[in-house]
Each structure stands twice: as C-alpha cells, then as structure tokens.
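Just below is one structure, and these are the notes that go with it.
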Amino acid sequence: MGLIDILVFVSFIVSVISIGLIKSRGEETHSEHGAQDYFLAGRGLTWWLVGFSLIAANISTEQFVGMTGKAADWLGMAIASYEWLAAFTLVVVAFVFLPKFLKSGIYTIPEFLEYRYNSFARTFMAIATMIILVGVPTASVIYSGAKVISVFFQGYAVMGLDLGSITVGCWIIGLLSAGYVFAGGLKACAWADLIQGAALVLGGVVVAWLAFGALAKADPEELIKTRRNEQVTVEQLESAGPVDRFYALNEGPLPDGKLHMRRPLDDKEIPWSALVLGLWIPNFFYWGLNQYITQRTLGSKSLAEGQKGIVFAAFLKLIIPFVVVIPGILAYNLYQGDLRGAAINKNAKTMATYAPDLYESLSSVLQPDPDDPRNVNELKSIAYREELAREQDGSQAFLFKFTVTLAEDHTDDVRKIVAHNASATGQDVPADSLSAIELFAFNEKLLDAAEKDDDGDSSVKTLVLRDFDAAFPILLKNLLPKGNGLQGFVLAAIFGAVVSSLASMLNSASTIATMDLYAKIRGGKASQIELVTLGRVFVVLFVLIAILIAPALDDPAFDGIFTFIQEFQGFISPGVLAIFLFGLLVHKAPRACGTVGLILSPLLYGLFKFSPKIPVLKNIPILAVGEKTVDNVTVVTKGIADWSFLDRMSLTFLIVLAVLTVMTLIHPLKKPVDLPVNEKMDVTSSPGAKAFAVIVVLVAIGLYVKFW
C-alpha cells in the first residue's frame with residue numbers, strides 16, 4: 001500500500017473502533033443492570049443500528065471469501081440463494097419470532113427453551129451453540145480474514161512476522177477483535193457495525209465496478225477460455241461491452257451455465273431440491289435462532305424498532321449478491337492464472353508436509369516459482385515442512401485425491417501421484433498408457449478401497465487445480481489502485497468487517513457461557529460485575545481456541561470455508577428449528593419434545609453423513625454408496641451419505657418433525673406453558689415495516705424469476 005492508503009486504513013479503523021467504544025462508555029456495566037448493558041446494549045438499539053448491525057455481523061470475510069469462491073467455482077449465481085432466501089426468512093423472523101422473544105424478555109435463545117420445555121434443553125443447546133459458534137463460524141472468520149492478509153501481503157514481513165502466513169494472519173485478526181469486544185460489549189459492536197456495514201457495502205460496490213472495468217479491457221482470446229457456452233466466439237466478445245461480455249461468458253444451459261438460481265438434482269451442494277426445504281433450514285436457524293445474530297434483535301428498543309431494522313436488513317440482503325457473488329464469477333473470468341498459482345502454493349504445502357519425496361519428484365509447474373519474490377516465504381515454509389516430514393516415523397500413509405481437470409492439465413505429474421497412492425496401499429502401479437481420465441478413475445478406486453479397508457494407517461489429502469477461496473483477495477490485489485486512498489479504504493472496510501463479525505460472535509458466545517451456564521450454576525447469586533467480568537474472560541478463552549483451529553481450515557479437504565460453516569451447523573440446526581416451531585406454534589407439544597429434538601437431530605445427521613465410515617452401516621445401500629449388478633453390468637448406487645448436505649438436513653428435519661408430532665399426539669400438554677412477560681418492552685408492531693416487507697418479498701421473487 002502507498003502512504004495515503006496506509007493513512008486512510010489506519011484512520012478509518014481507529015475512528016470506527018473509537019466511536020464504538022465512546023458510544024458504549026455510557027453503559028453501567030457495574031450497576032444492577034450491568035449484564036443487560038454489556039450483553040444487550042441496555043435494550044436500546046434503534047432500527048438503523050439493528051439493520052446495519054445484522055448485515056455487518058453477517059457479511060464479513062467468510063462471506064466475501066467463501067461465497068465469492070463458490071461463485072467463482074461451478075455454483076455461480078446459485079450461491080446467492082443464501083442471500084435472497086434470507087430476505088424471505090427475515091420477514092418471517094420479524095413478524096413471527098421476534099414478538100415472542102421480546103415479549104418474554106430473554107437474554108439468549110437457549111433461555112427461551114427452558115421456559116418452553118425444560119432446563120436440559122436450555123443447557124444442551126447452550127453448550128452445542130457455544131461449541132459450534134467458537135469452532136465453526138468464529139474460526140472461519142479468523143481464517144478468511146487471514147486469507148485476505150496472506151494473499152494480499154504475500155512476500156511482506158513486519159517485525160519478522162511473515163504476513164503471507166495463514167497462522168500469523170489468524171493471530172493478528174483474532175487478538176484485535178478480542179480486545180475490541182473485551183472493552184465494549186454489544187453496544188460498541190452495534191455502533192461500529194453502523195459505519196462498517198455501510199462502508200462494507202460501498203467497498204463491495206467499488207470492487208464490482210472495478211471488476212467490470214477490467215472485464216471491458218480484458219483480452220477476448222483469454223476470456224474465451226472461461227466461457228460456459230460453446231456458441232460464444234472471440235468476435236462476439238470483441239464487440240461487446242462489459243455487461244454483455246459477462247452474460248456471454250457465463251450464460252448457458254445447466255449444468256455449465258453459471259447464471260442460474262437452480263442447479264441439477266445431482267449437484268453436490270445446492271440441488272434444486274434444496275430450494276424446496278433444505279436451504280430454508282440453515283436460513284431460519286441462522287437468522288431466527290442463532291444467538292450471534294438474534295442478540296442484535298433482542299437488544300431492540302421496542303418491537304417496532306426491531307421489526308423495522310430486520311426488514312431493512314432483508315432489503316440489504318437483496319443487494320449483497322451484486323457485490324459478492326457477481327465479482328466472484330468475474331474473478332474466474334479474469335484471473336484464472338492467479339487462482340491456479342494460489343492452488344500450486346496450497347498443494348505444494350500439502351505434499352511437502354505429508355509426502356516430501358513425492359513433492360520433490362514433481363515438475364516445476366506444480367511448485368512455487370523460485371524467481372517470484374512473493375514466494376520467498378512460501379518456499380521457506382515448504383522447506384521447513386519437508387524437514388519436519390522426514391523426521392517422522394512414516395508409519396501413516398498419506399494418499400492424495402484430485403479432480404479430473406487437474407489430471408487433464410498435469411497428466412505426467414498426476415501419474416506420479418497415482419503411483420505414490422498405489423504403492424502406499426500395496427497395489428500395482430498403473431500402466432504408463434493410462435489417459436488422464438483413466439488415471440482419475442484408477443485413483444478413485446484406490447481411495448474407495450482404502451476407505452473400506454481403513455485401519456487408521458492411511459489418510460486422504462485433497463489437491464486442487466484452483467484455490468477458489470483466494471478469489472476475493474486476488475480481486476483486491478489486482479483491481480485496487482495504490483496511492484489514492486481507495487485501496488486503504490476498501491481494505492479498511494474488509495478488515496473492519498472481520499473485527500466486527502468476530503467481536504459479535506465472541507460477544508454472543510460469552511453471553512451464552514455467562515448467562516446460560518455460569519449464572520445458572522451460581523443459582524442467580526452472581527453479581528452483575530461478576531457476570532460482566534466473567535463474560536470478558538470467556539471472550540479471551542474463546543478467541544484463543546478459535547485462533548488455534550483457524551489455520552487448519554486452509555486444508556483443501558474442507559472444500560471451501562462457506563460449505564464448512566453451513567454443513568457443520570447442520571448437526572444441530574434441523575433439531576433446533578423443529579423444536580422452536582413446535583414451541584411457538586404447537587401449544588400442546590409436551591416439554592420432552594425439546595430434549596428429544598435436540599438429541600435426535602445430531603444423531604440422525606451424523607448417521608446420514610458418516611454411515612460409509614461406520615462398519616455396521618457402510619454396506620446398507622440406502623445409507624452409503626453400493627454396487628448392484630443389472631444385466632451383467634455393475635451399477636454404482638448412491639445412498640443418503642452422497643446427497644448434498646442440504647438434502648441430508650431436510651431428511652433430518654422431517655424425521656424430527658414426525659417424531660415430535662407423534663409425541664404430541666400421544667402425550668399432549670393439558671395446559672399450554674405460560675411464558676414470562678417483560679412488561680417494560682413495547683410490543684406494538686410496526687405497520688410501516690409490514691408494508692416495506694411486502695415490497696422486499698416481491699423484489700426477491702422478481703430476482704428469482706430473472707435468474708431462474
């Protein structure tokens with residue numbers, strides 16, 4: 001960055017954090033209502049604070065890095081369903097969930113479960129939510145923020161710290177965020193969100209604008225290599241403007257076209273069936289029942305303010321795909337070479353760590369360029385990993401998985417990788433005459449056989465042709481000009497969003513740990529200052545745990561951080577949504593429903609996901625991959641484990657609902673549960689919010705029609 005960029009960056013970050021801390025100074029955290037001030041901003045958030053805070057807490061680098069990466073990959077516009085379905089979801093949350101929650105005066109979502117069901121349900125959800133919040137989204141945001149730092153500042157060092165290192169970036173991001181929330185609580189987060197939310201959207205617009213400008217100047221001969229429609233020609237691209245180029249390159253029939261909201265039924269992430277039910281489950285869980293998000297709405301000044309803020313956030317969700325998803329698609333069109341370069345570095349580290357001799361045998365094409373000064377620290381890291389790997393006893397065999405496209409682009413090197421896998425599993429090395437596709441098929445059979453015979457002595461690592469998680473930082477590195485302050489502003493907006501999201505997550509996790517667990521253990525005897533102090537201790541503890549987890553997410557086996565976040569929340573989200581729907585809408589649902597739903601959900605989801613690895617289940621066709629012979633032809637059958645994770649969530653949700661329905665029919669409550677009432681809360685609904693909600697829903701429907 002230039003001097004002006006550095007000044008803009010530092011000034012923006014310092015100003016935003018200072019405003020947040022100044023605004024939170026009025027909180028009397030040592031008074032009789034100190035916990036309410038620290039954890040819920042004194043229940044005084046107005047609609048614009050609620051709205052921007054929801055968006056800033058949600059849209060951080062895990063969205064910019066993860067969602068942009070998925071858009072650059074095969075999903076394209078389909079990944080925008082997480083945003084546009086959220087608009088519908090938020091409207092429901094505003095007018096169905098929020099009135100119930102504010103009226104009861106709860107601090108946390110698990111607290112509601114104790115009132116409606118029992119204390120076990122509250123404790124179980126509190127522990128599960130806290131573990132997932134710290135281990136999944138918090139660690140993911142730290143990783144994604146570090147990813148931006150490591151790609152953008154590759155080759156730079158400060159005070160001996162390599163900024164190209166994911167681990168160094170994780171510590172920088174995590175410690176800054178912890179210090180912020182440690183001092184200020186939710187109100188500091190909300191006021192900073194107001195500024196950072198607006199800056200983030202503006203920064204995204206700037207990146208999108210610059211990306212379209214780069215598309216207009218790009219060489220059609222290079223662009224044509226990324227087309228999704230074989231009918232597009234170089235001549236067409238030469239005479240087209242940037243928007244027409246975008247459509248020409250990315251339009252096309254499924255499954256290749258990237259401008260569709262629906263995907264084929266066999267899509268591994270968002271098949272069209274997920275739009276029917278599966279995608280709604282994480283949406284309702286995230287926006288309506290996730291402490292990290294709902295803590296903002298629970299801090300609303302009144303029901304009307306909360307509803308207006310939520311509907312405003314729903315409107316902003318309609319804009320997000322245009323500044324996150326579309327730039328991701330453009331990153332694929334513009335910077336394929338950079339995506340491949342990032343993948344080479346990632347693959348090199350993986351192989352150097354687990355198979356140094358194999359790595360040394362590969363051609364220079366699959367190794368970082370030693371003449372590129374940005375790779376100096378990368379090469380040092382790889383050499384260090386090789387040294388450590390050779391000191392190991394070698395008792396565990398590491399196998400490598402790759403895609404067909406990687407095999408086609410680097411056939412000779414892939415042949416060496418397959419030979420390594422065959423030797424490691426005691427199989428014959430394949431013939432040199434095998435084609436790229438045959439090598440891929442041979443390797444898949446090796447890996448399947450190794451998985452079936454797994455005795456703990458082998459582990460599979462994934463190699464990628466392109467590092468799609470690097471798409472957004474690559475856009476920033478290539479598009480933002482130096483020296484005029486624009487680079488400093490956009491990076492400050494992104495960095496501020498990371499700090500904001502992390503601060504929100506840490507504040508929420510500490511709220512659950514303090515109010516749902518510690519305060520309950522103390523039997524209501526803990527003082528306000530004791531609760532606030534312990535909340536700050538939990539912030540430090542949780543950020544240290546997340547920082548230690550985050551660097552592991554750089555492993556390609558996670559298949560992108562966005563999928564990692566969504567899938568692992570799937571263990572609890574179907575059950576949580578099911579019991580809340582019953583708790584809010586089925587007044588005769590027995591109290592035991594809360595316990596059964598929360599326990600059954602992770603058991604079912606885990607069964608469906610891991611059945612191929614469970615000896616007694618892996619040969620059951622309905623659960624795992626199998627083979628059957630039809631007319632002397634072997635046919636591979638797919639089980640539930642091979643469904644998309646969203647479809648597995650749907651099945652889990654429906655089974656839990658069915659079980660809760662049977663329980664209610666057999667043993668209904670004789671009298672509905674009386675929930676507590678917060679007499680101080682104004683629960684008058686907002687007519688204006690209802691009218692605006694109708695407009696938001698109609699616009700969202702129109703967008704689906706446009707990109708269907």
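Residue numbers start at 1 in each chain; chains themselves are named A, B, ... in the order of the structure tokens; ligands are numbered from 1 in the order shown.
For stretch 153-160 of chain A, the residues within 6 Å (counting only C-alpha atoms, excluding itself and residues fewer than 4 positions away along the chain) are Ile149, Gly164 and Arg374 of chain A.
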Note to self: So that I can check the surroundings of A:Ser685, please list as a list of chain:residue names every protein, DNA and RNA residue that reaches within 12 Å of it, counting only C-alpha atoms and ignoring chain neighbours fewer than 5 positions away.
What the structure shows: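 My reading of the contact set: A:Ala94, A:Phe95, A:Val96, A:Leu98, A:Pro99, A:Lys100, A:Leu102, A:Lys103, A:Ser302, A:Leu303, A:Ala304, A:Glu305, A:Gly306, A:Gln307, A:Lys308, A:Lys690, A:Ala691.
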Please dump the current selection as a compact mmCIF listing (two decimals), in the first residue's frame; keep all heavy atoms.
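Output file selection-v3.txt follows:
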```
# COMPACT_ATOMS: atom_id res chain seq x y z
N ALA A 94 -39.14 -11.31 11.67
CA ALA A 94 -39.60 -10.02 12.19
C ALA A 94 -41.02 -10.09 12.75
O ALA A 94 -41.32 -9.46 13.78
CB ALA A 94 -39.52 -8.96 11.10
N PHE A 95 -41.88 -10.87 12.10
CA PHE A 95 -43.30 -10.83 12.47
C PHE A 95 -43.82 -12.09 13.15
O PHE A 95 -44.95 -12.11 13.62
CB PHE A 95 -44.14 -10.52 11.23
CG PHE A 95 -43.82 -9.19 10.62
CD1 PHE A 95 -43.02 -9.08 9.51
CD2 PHE A 95 -44.29 -8.02 11.22
CE1 PHE A 95 -42.69 -7.85 8.97
CE2 PHE A 95 -43.97 -6.78 10.70
CZ PHE A 95 -43.17 -6.68 9.57
N VAL A 96 -42.99 -13.15 13.23
CA VAL A 96 -43.40 -14.38 13.92
C VAL A 96 -42.52 -14.65 15.13
O VAL A 96 -43.02 -14.85 16.24
CB VAL A 96 -43.37 -15.59 12.96
CG1 VAL A 96 -43.76 -16.87 13.72
CG2 VAL A 96 -44.32 -15.37 11.79
N LEU A 98 -39.74 -12.65 16.47
CA LEU A 98 -39.33 -11.54 17.32
C LEU A 98 -40.38 -11.14 18.35
O LEU A 98 -40.02 -10.88 19.51
CB LEU A 98 -38.94 -10.33 16.46
CG LEU A 98 -38.31 -9.16 17.24
CD1 LEU A 98 -37.01 -9.59 17.91
CD2 LEU A 98 -38.06 -7.98 16.32
N PRO A 99 -41.67 -11.05 18.01
CA PRO A 99 -42.66 -10.68 19.04
C PRO A 99 -42.63 -11.62 20.24
O PRO A 99 -42.75 -11.17 21.39
CB PRO A 99 -43.99 -10.78 18.28
CG PRO A 99 -43.64 -10.54 16.85
CD PRO A 99 -42.30 -11.18 16.67
N LYS A 100 -42.47 -12.91 19.99
CA LYS A 100 -42.43 -13.89 21.09
C LYS A 100 -41.18 -13.68 21.95
O LYS A 100 -41.25 -13.72 23.19
CB LYS A 100 -42.41 -15.31 20.51
CG LYS A 100 -43.62 -15.65 19.65
CD LYS A 100 -44.81 -16.04 20.50
CE LYS A 100 -45.94 -16.56 19.61
NZ LYS A 100 -47.13 -16.92 20.40
N LEU A 102 -39.13 -10.94 22.29
CA LEU A 102 -39.07 -9.68 23.03
C LEU A 102 -40.08 -9.65 24.17
O LEU A 102 -39.82 -9.11 25.25
CB LEU A 102 -39.31 -8.50 22.08
CG LEU A 102 -38.18 -8.17 21.10
CD1 LEU A 102 -38.53 -6.93 20.29
CD2 LEU A 102 -36.85 -7.96 21.82
N LYS A 103 -41.23 -10.23 23.93
CA LYS A 103 -42.26 -10.25 24.98
C LYS A 103 -41.80 -11.03 26.20
O LYS A 103 -42.13 -10.69 27.33
CB LYS A 103 -43.54 -10.86 24.42
CG LYS A 103 -44.72 -10.78 25.37
CD LYS A 103 -45.98 -11.32 24.72
CE LYS A 103 -47.17 -11.22 25.69
NZ LYS A 103 -48.42 -11.76 25.07
N SER A 302 -37.66 -1.50 20.98
CA SER A 302 -39.07 -1.91 21.02
C SER A 302 -39.29 -2.90 19.89
O SER A 302 -38.43 -3.09 19.04
CB SER A 302 -39.99 -0.70 20.83
OG SER A 302 -39.82 -0.14 19.53
N LEU A 303 -40.46 -3.54 19.88
CA LEU A 303 -40.77 -4.47 18.80
C LEU A 303 -40.79 -3.75 17.45
O LEU A 303 -40.27 -4.26 16.46
CB LEU A 303 -42.13 -5.15 19.05
CG LEU A 303 -42.63 -6.07 17.94
CD1 LEU A 303 -41.65 -7.21 17.70
CD2 LEU A 303 -44.02 -6.62 18.28
N ALA A 304 -41.38 -2.56 17.41
CA ALA A 304 -41.46 -1.81 16.15
C ALA A 304 -40.07 -1.48 15.62
O ALA A 304 -39.80 -1.63 14.41
CB ALA A 304 -42.26 -0.52 16.34
N GLU A 305 -39.16 -1.05 16.50
CA GLU A 305 -37.79 -0.74 16.07
C GLU A 305 -37.09 -2.00 15.57
O GLU A 305 -36.38 -1.97 14.56
CB GLU A 305 -37.00 -0.14 17.23
CG GLU A 305 -37.44 1.25 17.65
CD GLU A 305 -37.19 2.30 16.57
OE1 GLU A 305 -36.06 2.35 16.06
OE2 GLU A 305 -38.12 3.05 16.24
N GLY A 306 -37.28 -3.11 16.27
CA GLY A 306 -36.67 -4.36 15.85
C GLY A 306 -37.19 -4.82 14.50
O GLY A 306 -36.42 -5.27 13.65
N GLN A 307 -38.51 -4.71 14.29
CA GLN A 307 -39.09 -5.14 13.02
C GLN A 307 -38.61 -4.27 11.86
O GLN A 307 -38.27 -4.78 10.78
CB GLN A 307 -40.62 -5.10 13.11
CG GLN A 307 -41.19 -6.21 13.98
CD GLN A 307 -42.69 -6.12 14.14
OE1 GLN A 307 -43.28 -5.02 14.09
NE2 GLN A 307 -43.34 -7.25 14.37
N LYS A 308 -38.56 -2.96 12.08
CA LYS A 308 -38.06 -2.08 11.02
C LYS A 308 -36.60 -2.38 10.69
O LYS A 308 -36.20 -2.39 9.52
CB LYS A 308 -38.23 -0.61 11.44
CG LYS A 308 -39.68 -0.13 11.40
CD LYS A 308 -39.78 1.36 11.66
CE LYS A 308 -39.58 1.69 13.13
NZ LYS A 308 -39.85 3.13 13.42
N LYS A 690 -44.38 -3.66 7.94
CA LYS A 690 -45.16 -4.66 7.20
C LYS A 690 -45.27 -4.28 5.73
O LYS A 690 -45.11 -5.12 4.83
CB LYS A 690 -46.55 -4.80 7.81
CG LYS A 690 -46.57 -5.47 9.18
CD LYS A 690 -48.00 -5.56 9.72
CE LYS A 690 -48.01 -6.21 11.11
NZ LYS A 690 -49.39 -6.26 11.66
N ALA A 691 -45.53 -3.02 5.46
CA ALA A 691 -45.67 -2.56 4.07
C ALA A 691 -44.35 -2.71 3.32
O ALA A 691 -44.32 -3.19 2.17
CB ALA A 691 -46.12 -1.10 4.05
```
Next item on the list: Might you pull out every residue within 12 Å of A:Phe246, with only C-alpha atoms counted and same-chain residues fewer than 6 positions away left off, and present them as a ChimeraX atom specification?
Entry: /A:76,211-216,218,220,223-224,226-229,232,236-237,240,252,257-259,326-334
Check: Of the residues A:Gly523, A:Pro551, A:Pro481, A:Pro264, which is the one nearest to A:Val141, using only C-alpha atoms?
Finding: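 That would be A:Pro551, the residue with the smallest distance to A:Val141.
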Notebook entry, point to check: Near stretch 506-521 of chain A, within 8 Å and counting only C-alpha atoms, which residues show up once chain neighbours fewer than 4 positions away are dropped, as a VMD selection string?
Noted result: chain A and resid 39 107 to 108 110 to 111 122 to 123 126 to 127 129 to 130 133 to 134 138 178 181 185 to 186 291 to 292 295 502 525 to 526 531 534 to 536 538 to 539 542 to 543
Check: atom CA of A:Pro271 and atom CA of A:Leu249, how far apart in Å?
Finding: 22.5 Å
Margin query: Excluding stretch 420-436 of chain A and its own-chain neighbours fewer than 6 positions away, which residues fall within 8 Å of it when counting only C-alpha atoms? Please give them as a ChimeraX atom specification.
Written below: /A:358,397-400,404,407-408,411,442-443,446,450
Next item on the list: May I have the residues within 8 Å of A:Thr595 as a PyMOL selection string, using only C-alpha atoms and disregarding those fewer than 6 positions away in the same chain?
Entry: chain A and resi 117-118+120-121
Write a file of the selected residues as a short mmCIF file (atom, residue, chain, number, x, y, z; two decimals), in the first residue's frame, keeping C-alpha atoms.
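File written: result-v5.cif
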```
data_model
loop_
_atom_site.label_atom_id
_atom_site.label_comp_id
_atom_site.auth_asym_id
_atom_site.auth_seq_id
_atom_site.Cartn_x
_atom_site.Cartn_y
_atom_site.Cartn_z
CA TYR A 117 -39.50 -27.01 27.55
CA ASN A 118 -37.02 -27.73 30.36
CA PHE A 120 -31.91 -29.71 29.93
CA ALA A 121 -32.98 -28.28 26.57
#
```
Give me the residues near A:Lys588 as a PDB file with N, CA, C and O atoms, in the first residue's frame, where near means some atom within 12 Å (using only C-alpha atoms) and where sequence neighbours in that chain fewer than 5 positions away do not count.
```
ATOM      1  N   ARG A 116     -40.004 -22.784  27.732  1.00  0.00           N
ATOM      2  CA  ARG A 116     -40.990 -23.554  26.954  1.00  0.00           C
ATOM      3  C   ARG A 116     -40.896 -25.054  27.207  1.00  0.00           C
ATOM      4  O   ARG A 116     -41.914 -25.756  27.215  1.00  0.00           O
ATOM      5  N   TYR A 117     -39.667 -25.566  27.402  1.00  0.00           N
ATOM      6  CA  TYR A 117     -39.501 -27.010  27.552  1.00  0.00           C
ATOM      7  C   TYR A 117     -38.947 -27.361  28.936  1.00  0.00           C
ATOM      8  O   TYR A 117     -39.705 -27.632  29.857  1.00  0.00           O
ATOM      9  N   PHE A 582     -42.324 -26.045  16.995  1.00  0.00           N
ATOM     10  CA  PHE A 582     -43.311 -26.682  17.868  1.00  0.00           C
ATOM     11  C   PHE A 582     -43.557 -25.835  19.106  1.00  0.00           C
ATOM     12  O   PHE A 582     -44.692 -25.680  19.562  1.00  0.00           O
ATOM     13  N   GLY A 583     -42.478 -25.283  19.675  1.00  0.00           N
ATOM     14  CA  GLY A 583     -42.628 -24.481  20.889  1.00  0.00           C
ATOM     15  C   GLY A 583     -43.439 -23.226  20.671  1.00  0.00           C
ATOM     16  O   GLY A 583     -44.206 -22.800  21.548  1.00  0.00           O
ATOM     17  N   CYS A 593     -40.408 -32.766  24.173  1.00  0.00           N
ATOM     18  CA  CYS A 593     -40.066 -32.538  22.759  1.00  0.00           C
ATOM     19  C   CYS A 593     -38.729 -31.807  22.621  1.00  0.00           C
ATOM     20  O   CYS A 593     -37.963 -32.066  21.681  1.00  0.00           O
ATOM     21  N   LEU A 660     -41.709 -35.557  16.798  1.00  0.00           N
ATOM     22  CA  LEU A 660     -42.344 -34.594  17.701  1.00  0.00           C
ATOM     23  C   LEU A 660     -43.860 -34.605  17.541  1.00  0.00           C
ATOM     24  O   LEU A 660     -44.598 -34.437  18.519  1.00  0.00           O
ATOM     25  N   THR A 661     -44.326 -34.807  16.317  1.00  0.00           N
ATOM     26  CA  THR A 661     -45.770 -34.876  16.070  1.00  0.00           C
ATOM     27  C   THR A 661     -46.378 -36.077  16.777  1.00  0.00           C
ATOM     28  O   THR A 661     -47.431 -35.975  17.429  1.00  0.00           O
ATOM     29  N   VAL A 662     -45.720 -37.229  16.670  1.00  0.00           N
ATOM     30  CA  VAL A 662     -46.215 -38.443  17.340  1.00  0.00           C
ATOM     31  C   VAL A 662     -46.218 -38.241  18.849  1.00  0.00           C
ATOM     32  O   VAL A 662     -47.187 -38.627  19.542  1.00  0.00           O
ATOM     33  N   MET A 663     -45.159 -37.644  19.385  1.00  0.00           N
ATOM     34  CA  MET A 663     -45.095 -37.388  20.832  1.00  0.00           C
ATOM     35  C   MET A 663     -46.241 -36.487  21.280  1.00  0.00           C
ATOM     36  O   MET A 663     -46.842 -36.707  22.347  1.00  0.00           O
ATOM     37  N   THR A 664     -46.547 -35.481  20.475  1.00  0.00           N
ATOM     38  CA  THR A 664     -47.626 -34.550  20.820  1.00  0.00           C
ATOM     39  C   THR A 664     -48.982 -35.231  20.765  1.00  0.00           C
ATOM     40  O   THR A 664     -49.853 -34.988  21.620  1.00  0.00           O
ATOM     41  N   LEU A 665     -49.193 -36.098  19.785  1.00  0.00           N
ATOM     42  CA  LEU A 665     -50.467 -36.814  19.670  1.00  0.00           C
ATOM     43  C   LEU A 665     -50.655 -37.803  20.814  1.00  0.00           C
ATOM     44  O   LEU A 665     -51.771 -37.982  21.320  1.00  0.00           O
ATOM     45  N   ILE A 666     -49.561 -38.441  21.235  1.00  0.00           N
ATOM     46  CA  ILE A 666     -49.658 -39.445  22.299  1.00  0.00           C
ATOM     47  C   ILE A 666     -49.790 -38.807  23.671  1.00  0.00           C
ATOM     48  O   ILE A 666     -50.582 -39.254  24.514  1.00  0.00           O
ATOM     49  N   HIS A 667     -49.015 -37.737  23.893  1.00  0.00           N
ATOM     50  CA  HIS A 667     -48.995 -37.152  25.247  1.00  0.00           C
ATOM     51  C   HIS A 667     -49.018 -35.620  25.163  1.00  0.00           C
ATOM     52  O   HIS A 667     -48.030 -34.953  25.474  1.00  0.00           O
ATOM     53  N   PRO A 668     -50.141 -35.028  24.746  1.00  0.00           N
ATOM     54  CA  PRO A 668     -50.212 -33.568  24.645  1.00  0.00           C
ATOM     55  C   PRO A 668     -50.269 -32.901  26.017  1.00  0.00           C
ATOM     56  O   PRO A 668     -50.705 -33.517  26.997  1.00  0.00           O
ATOM     57  N   LEU A 669     -49.802 -31.671  26.078  1.00  0.00           N
ATOM     58  CA  LEU A 669     -49.931 -30.900  27.315  1.00  0.00           C
ATOM     59  C   LEU A 669     -51.401 -30.615  27.599  1.00  0.00           C
ATOM     60  O   LEU A 669     -52.171 -30.301  26.686  1.00  0.00           O
ATOM     61  N   LYS A 670     -51.774 -30.729  28.832  1.00  0.00           N
ATOM     62  CA  LYS A 670     -53.157 -30.421  29.195  1.00  0.00           C
ATOM     63  C   LYS A 670     -53.399 -28.910  29.216  1.00  0.00           C
ATOM     64  O   LYS A 670     -54.501 -28.439  28.944  1.00  0.00           O
ATOM     65  N   LYS A 671     -52.340 -28.179  29.529  1.00  0.00           N
ATOM     66  CA  LYS A 671     -52.444 -26.722  29.596  1.00  0.00           C
ATOM     67  C   LYS A 671     -51.210 -26.110  28.944  1.00  0.00           C
ATOM     68  O   LYS A 671     -50.088 -26.528  29.239  1.00  0.00           O
ATOM     69  N   PRO A 672     -51.375 -25.151  28.028  1.00  0.00           N
ATOM     70  CA  PRO A 672     -50.217 -24.517  27.400  1.00  0.00           C
ATOM     71  C   PRO A 672     -49.278 -23.888  28.432  1.00  0.00           C
ATOM     72  O   PRO A 672     -49.720 -23.438  29.500  1.00  0.00           O
ATOM     73  N   VAL A 673     -47.990 -23.859  28.118  1.00  0.00           N
ATOM     74  CA  VAL A 673     -46.984 -23.296  29.015  1.00  0.00           C
ATOM     75  C   VAL A 673     -47.136 -21.780  29.071  1.00  0.00           C
ATOM     76  O   VAL A 673     -47.294 -21.114  28.038  1.00  0.00           O
ATOM     77  N   ASP A 674     -47.113 -21.235  30.279  1.00  0.00           N
ATOM     78  CA  ASP A 674     -47.155 -19.782  30.453  1.00  0.00           C
ATOM     79  C   ASP A 674     -45.727 -19.236  30.378  1.00  0.00           C
ATOM     80  O   ASP A 674     -44.894 -19.526  31.239  1.00  0.00           O
TER      81      ASP A 674
END
```
Next item on the list: For atom CA of A:Lys609 and atom CA of A:Ala641, determine how far apart the two atoms are, in Å to one decimal place.
Entry: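 Calculated distance between atom CA of A:Lys609 and atom CA of A:Ala641 is 4.9 Å.
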